[in-house]
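Asker: The structure that follows is given in the form of structure tokens.
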Amino acid sequence: MSGLLATGLLLGTITIGSTTALAAEDDEAPTPPSPTETTTDDTAPPADDPTDDTTVTPFRFPGFPAPSIHSQQAYDPESDFTARWTRADALQMRAMTDPSAPAGENSMPEEYTMPEIPQDFPVLVDDEGTQVWVWDTWTLTDEHSNQLSFKGWEVIFSLVADSTAGYTFDDRHTHARIGFFYRPADVPADERPANGGWIYGGHVFPDGAAGAIFEDQSFSTVTEWSGSTRIMEGNKLRMFYTAVAFYRDANDQEIQPADPRIVQTELRIFADEDGVWLTGARDQHQLLVPDGTYYQTRDQNAFVNFRDPFTFEDPNAEDSPTYMVFEGNTGGERGSVPCTAEDLGYREGDPYAELPETVTASGANFQMANVGLAVAENKAMTQWRYLPPILSGNCVNDQTERPQIYVQGSKYYLFTISHRHTFARGPDTDSTDPRYWYLDGPDGVYGFVGNGIRSDFQPLNEGSGLALGNPTNLNYAVGTPASPDPFQTAHAFQSYSHYVMPGGLVESFIDAIGNPDVRRGGTLAPTVKLNIAGTSAVVDRSYGDGGLGGYGDIPANAEQDVSPDPDPRPLP
């Protein structure tokens, strides 16, 4: 964190850039400044009594609401307490953006912005030298999220697709398979090939295996979506993933909503001096389908988000059960659950507060993200029981993808990823001017900290939640990865699907770089490093080259306790 920003947080006397109220006001609320009027002369309301608010900075940005108060208090994981990422929290991103940032330049604080990735990036290839499209990627982990090598090899798992099949990179989601890569362990990044040195091992699953769990076999395709892979004793692996059945006609029109389910399969891993191979993944164990109460179903919402299982144990608890966090949406018919004062999270008397009924009328209640929690009921981890969500983003955002619990000492960090285009727009949802998209934030990593797995999580970095965003100008529209808004930065879509690794290292994939000359990625991005402490996570620009490490630098920090002897290769 810069000295200026740190001083401002201590004294409550500075702004980043010149802040403006960039949202249309509700009729019932006091009128904020116009979108073109600066507010550097605004008087901030008095800071809260620190004895009542010891974990929330007294600093607030003039012209904007204060963030919600969050205690970080831990609760029993079995309890029904759900933390909230509120609209007051998310509005801190609006407050910290620089409204004077010119077209094509980042408007967000450098501390929370991923360094720019060059457009001449290397790609991952198969044994014939053909690019393998790669996006969501995860590691081989133990119960405490250590990344383990196996017999001298590092191993990763990725969503992959065929770059030569004739569909576009944006159409990859309905063609996704889970593949794996491996490389020699303990080689410094600067001694590896430019693409990280990953060797493609092929698909994990036999063709068609993931479709076996669906009662309705009339699907047009079944895809394998993200999850996590645990190494157990010896060479046993348990892969947790999302199987999604699509039901579409010959014109690619939906016949019925897609059917996402969380599934486990068991594998064995083998290695010799030449590489790594896997067996198994034939039997699929359905673990979870949405219940409609805590977690929205496809009948309640045809666009439901239900995926990305991540399993772990609590390292600070004796005899911890195995938990799973995953992405969900709040249960209830889409658009029928109103926004509440708790979802908005404004402090009493805040002059910039909205009213729940006004926010609901804006359509913000169509965005109802949450992070789910479940607990394993047996040793094989084939039986699971839902617990209430640990975080809701009702009326804030619709997606909290790839959630993970990251434990650092006595602090529990919940990291997730989200998109700019999934924030709840309201109240002027029809406006094409981003200044009136009341909630806004870049594609990237969002983080929260508490004292346990279930906590009153406090959003990181000025109470906003933003931990690591792509270089983005919030003063201009989004566009798409293939066709960014002409006034947007060339790096607003540079990376996505970040995963926070031990030591604060963060891996992701490259989506699209350039504006207007776009180069699509589908390959691993350079690793970056976050310095994570307390309620802050800031980019370490001393890491690597200006903050960018090696492409696909995903190192093991431990090794599996097995015999180093090579395994015999199966007969052809």
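By order in the structure tokens, chains are A, B, ...; within a chain, residues start at 1; ligands start at 1, following the order shown.
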Residues at most 7 Å from Gly104 (chain A), counting only C-alpha atoms, excluding those fewer than 3 positions away in the same chain, as a list in words?

Answerer: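 Skipping anything fewer than 3 positions along the chain leaves Phe487, Gln488, Thr489 and Ala490 of chain A.
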
Asker: Please provide as a PyMOL selection string all residues within 12 Å of Val304 (chain A), with the sequence filter that same-chain residues fewer than 2 positions apart are discarded (counting only C-alpha atoms).

Answerer: chain A and resi 244+257-261+289-290+292+295-302+306-307+327-334+366-370+398-400

Asker: Show which residues sit within 8 Å of region 443-452 of chain A, as a ChimeraX atom specification. Count only C-alpha atoms, and ignore same-chain residues fewer than 4 positions away.

Answerer: /A:71-75,410-420,456-460,465-470,492-493,495-498,534-535

Asker: Name the residues in contact with region 154-156 of chain A at a cut-off of 6 Å, using only C-alpha atoms, excluding same-chain residues fewer than 4 positions from it; report them as a list of chain:residue names.

Answerer: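 Non-adjacent residues within range: A:Trp138, A:Thr139, A:Ser149, A:Phe180, A:Phe181, A:Tyr182, A:Arg183, A:Ala185.
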
Asker: Counting only C-alpha atoms, what is within 12 Å of Pro516 (chain A), bar same-chain residues fewer than 2 positions away, as a list in words?

Answerer: Gly104, Gly479, Thr480, Pro481, Ala482, Ser483, Pro484, Asp485, Pro486, Phe487, Gln488, Thr489, Ala490, His491, Ala512, Ile513, Gly514, Val518 and Arg519 of chain A

Asker: With only C-alpha atoms as the atoms that count, which of A:Gly211, A:Pro471, A:Gly335, A:Gly345 lies nearest to Thr360 (chain A)?

Answerer: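 Distance minimum relative to Thr360 (chain A) lands on A:Gly335.
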
Asker: Run DSSP on the backbone and give me the residues of region 271-513 of chain A it puts in helix (DSSP H, G or I), as a PyMOL selection string.

Answerer: chain A and resi 341-344+356-361+364-366+420-422+434-436+502-504

Asker: Tell me, as a tab-separated table (two decimals) with C-alpha atoms, in the first residue's frame, which residues lie within 10 Å of region 529-531 of chain A, counting only C-alpha atoms; anything in the same chain fewer than 3 positions away does not count.

Answerer:
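This went into selection_10.tsv:
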```
chain	number	residue	atom	x	y	z
A	1	MET	CA	0.00	0.00	0.00
A	111	GLU	CA	-2.35	-1.22	-5.20
A	112	TYR	CA	-5.36	-3.33	-6.17
A	114	MET	CA	-2.95	-6.55	-11.65
A	467	ALA	CA	-8.40	-7.65	-3.88
A	468	LEU	CA	-7.00	-7.82	-7.42
A	500	VAL	CA	-4.83	-17.74	-4.58
A	501	MET	CA	-1.99	-20.13	-3.75
A	503	GLY	CA	2.38	-17.46	-0.01
A	504	GLY	CA	-0.10	-15.13	-1.70
A	505	LEU	CA	0.82	-16.21	-5.23
A	506	VAL	CA	-2.08	-15.90	-7.67
A	507	GLU	CA	-2.48	-17.83	-10.91
A	536	SER	CA	-5.61	-5.55	3.08
A	537	ALA	CA	-4.32	-7.39	0.05
A	538	VAL	CA	-2.03	-5.37	-2.20
A	539	VAL	CA	-0.07	-6.24	-5.32
A	540	ASP	CA	3.64	-6.85	-4.73
A	541	ARG	CA	5.24	-5.05	-7.67
A	542	SER	CA	8.69	-6.10	-6.52
A	543	TYR	CA	7.78	-9.67	-7.41
A	544	GLY	CA	9.04	-10.92	-10.78
A	547	GLY	CA	4.89	-7.54	-10.46
A	548	LEU	CA	4.55	-10.21	-13.15
A	549	GLY	CA	6.09	-13.60	-12.44
```

Asker: Just give me the gap between CA of Trp198 (chain A) and CA of Gly552 (chain A) in Å, one decimal is fine.

Answerer: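 Going from CA of Trp198 (chain A) over to CA of Gly552 (chain A), I get 8.0 Å.
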
Asker: In region 404-524 of chain A, what's strand (DSSP E or B) per DSSP? Answer as number ranges by chain?

Answerer: A: 404-408, 411-418, 423, 427, 437, 444-450, 454-455, 458-459, 466-469, 479, 484, 495-500, 505-513, 519-524

Asker: Between A:Gln119, A:Ser563, A:Thr82, A:Asn365, which residue has the minimum interatomic distance to Asp511 (chain A), considering only C-alpha atoms?

Answerer: A:Gln119

Asker: Determine the nearest neighbour of Ile262 (chain A) from the options A:Thr382, A:Gln131, A:Thr472, A:Thr322, counting only C-alpha atoms.

Answerer: A:Thr382

Asker: Pick out the closest residue to Ala341 (chain A) from this set: A:Ser68, A:Ser100, A:Thr164, A:Asn557. Count only C-alpha atoms.

Answerer: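 Of all the options, A:Ser68 lies closest to Ala341 (chain A).
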
Asker: Hey, which bits of region 106-159 of chain A sit within 12 Å of region 233-242 of chain A, and for each residue what's the closest pair of atoms and how far apart in Å (one decimal), counting only C-alpha atoms, rows by chain and increasing number, as a tab-separated table?

Answerer:
```
residue	atom	partner	partner_atom	distance
A:Asp136	CA	A:Tyr241	CA	11.6
A:Thr137	CA	A:Tyr241	CA	11.9
A:Trp138	CA	A:Met239	CA	10.9
A:Thr139	CA	A:Met239	CA	10.9
A:Leu140	CA	A:Leu237	CA	8.7
A:Thr141	CA	A:Leu237	CA	9.6
A:Asp142	CA	A:Glu233	CA	9.8
A:Glu143	CA	A:Glu233	CA	11.2
A:Leu148	CA	A:Asn235	CA	11.6
A:Ser149	CA	A:Asn235	CA	11.3
A:Phe150	CA	A:Asn235	CA	8.5
A:Lys151	CA	A:Asn235	CA	10.1
A:Val155	CA	A:Leu237	CA	12.0
A:Ile156	CA	A:Met239	CA	11.9
A:Phe157	CA	A:Met239	CA	9.8
A:Ser158	CA	A:Tyr241	CA	11.1
A:Leu159	CA	A:Tyr241	CA	10.5
```

Asker: For the residues in that selection, give me C-alpha atoms as a JSON list (two decimals), in the first residue's frame.

Answerer:
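The result, stored in out00.json:
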```json
[["chain", "number", "residue", "atom", "x", "y", "z"],
["A", 136, "ASP", "CA", -9.97, -22.36, -14.93],
["A", 137, "THR", "CA", -6.95, -24.07, -13.37],
["A", 138, "TRP", "CA", -6.32, -25.63, -9.97],
["A", 139, "THR", "CA", -3.64, -27.59, -8.18],
["A", 140, "LEU", "CA", -3.09, -30.94, -6.50],
["A", 141, "THR", "CA", -3.75, -30.12, -2.84],
["A", 142, "ASP", "CA", -3.98, -31.68, 0.58],
["A", 143, "GLU", "CA", -6.64, -30.95, 3.20],
["A", 148, "LEU", "CA", 1.91, -31.13, -3.46],
["A", 149, "SER", "CA", 4.32, -32.51, -6.00],
["A", 150, "PHE", "CA", 4.23, -36.24, -6.76],
["A", 151, "LYS", "CA", 7.45, -38.18, -7.30],
["A", 155, "VAL", "CA", 0.58, -31.36, -11.47],
["A", 156, "ILE", "CA", -2.27, -29.01, -12.35],
["A", 157, "PHE", "CA", -5.81, -29.50, -13.64],
["A", 158, "SER", "CA", -7.52, -27.16, -16.10],
["A", 159, "LEU", "CA", -10.66, -26.72, -18.09]]
```

Asker: Quick one: residues within 9 Å of Thr340 (chain A), only C-alpha atoms counted, chain neighbours fewer than 5 positions away excluded, as number ranges by chain?

Answerer: A: 345, 355-357, 359-360, 394-395

Asker: Between CA of Pro570 (chain A) and CA of Met232 (chain A), what is the spacing in Å?

Answerer: 22.1 Å

Asker: So which one's closest to Asn146 (chain A), A:Val160, A:Val407, A:Ala210, A:Val132? Using only C-alpha atoms, please.

Answerer: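 Answer, going by the shortest atom-to-atom distance: A:Val407.
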
Asker: Any idea what the distance is between CA of Ala525 (chain A) and CA of Phe509 (chain A)?

Answerer: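 Between CA of Ala525 (chain A) and CA of Phe509 (chain A) the gap works out to 4.7 Å.
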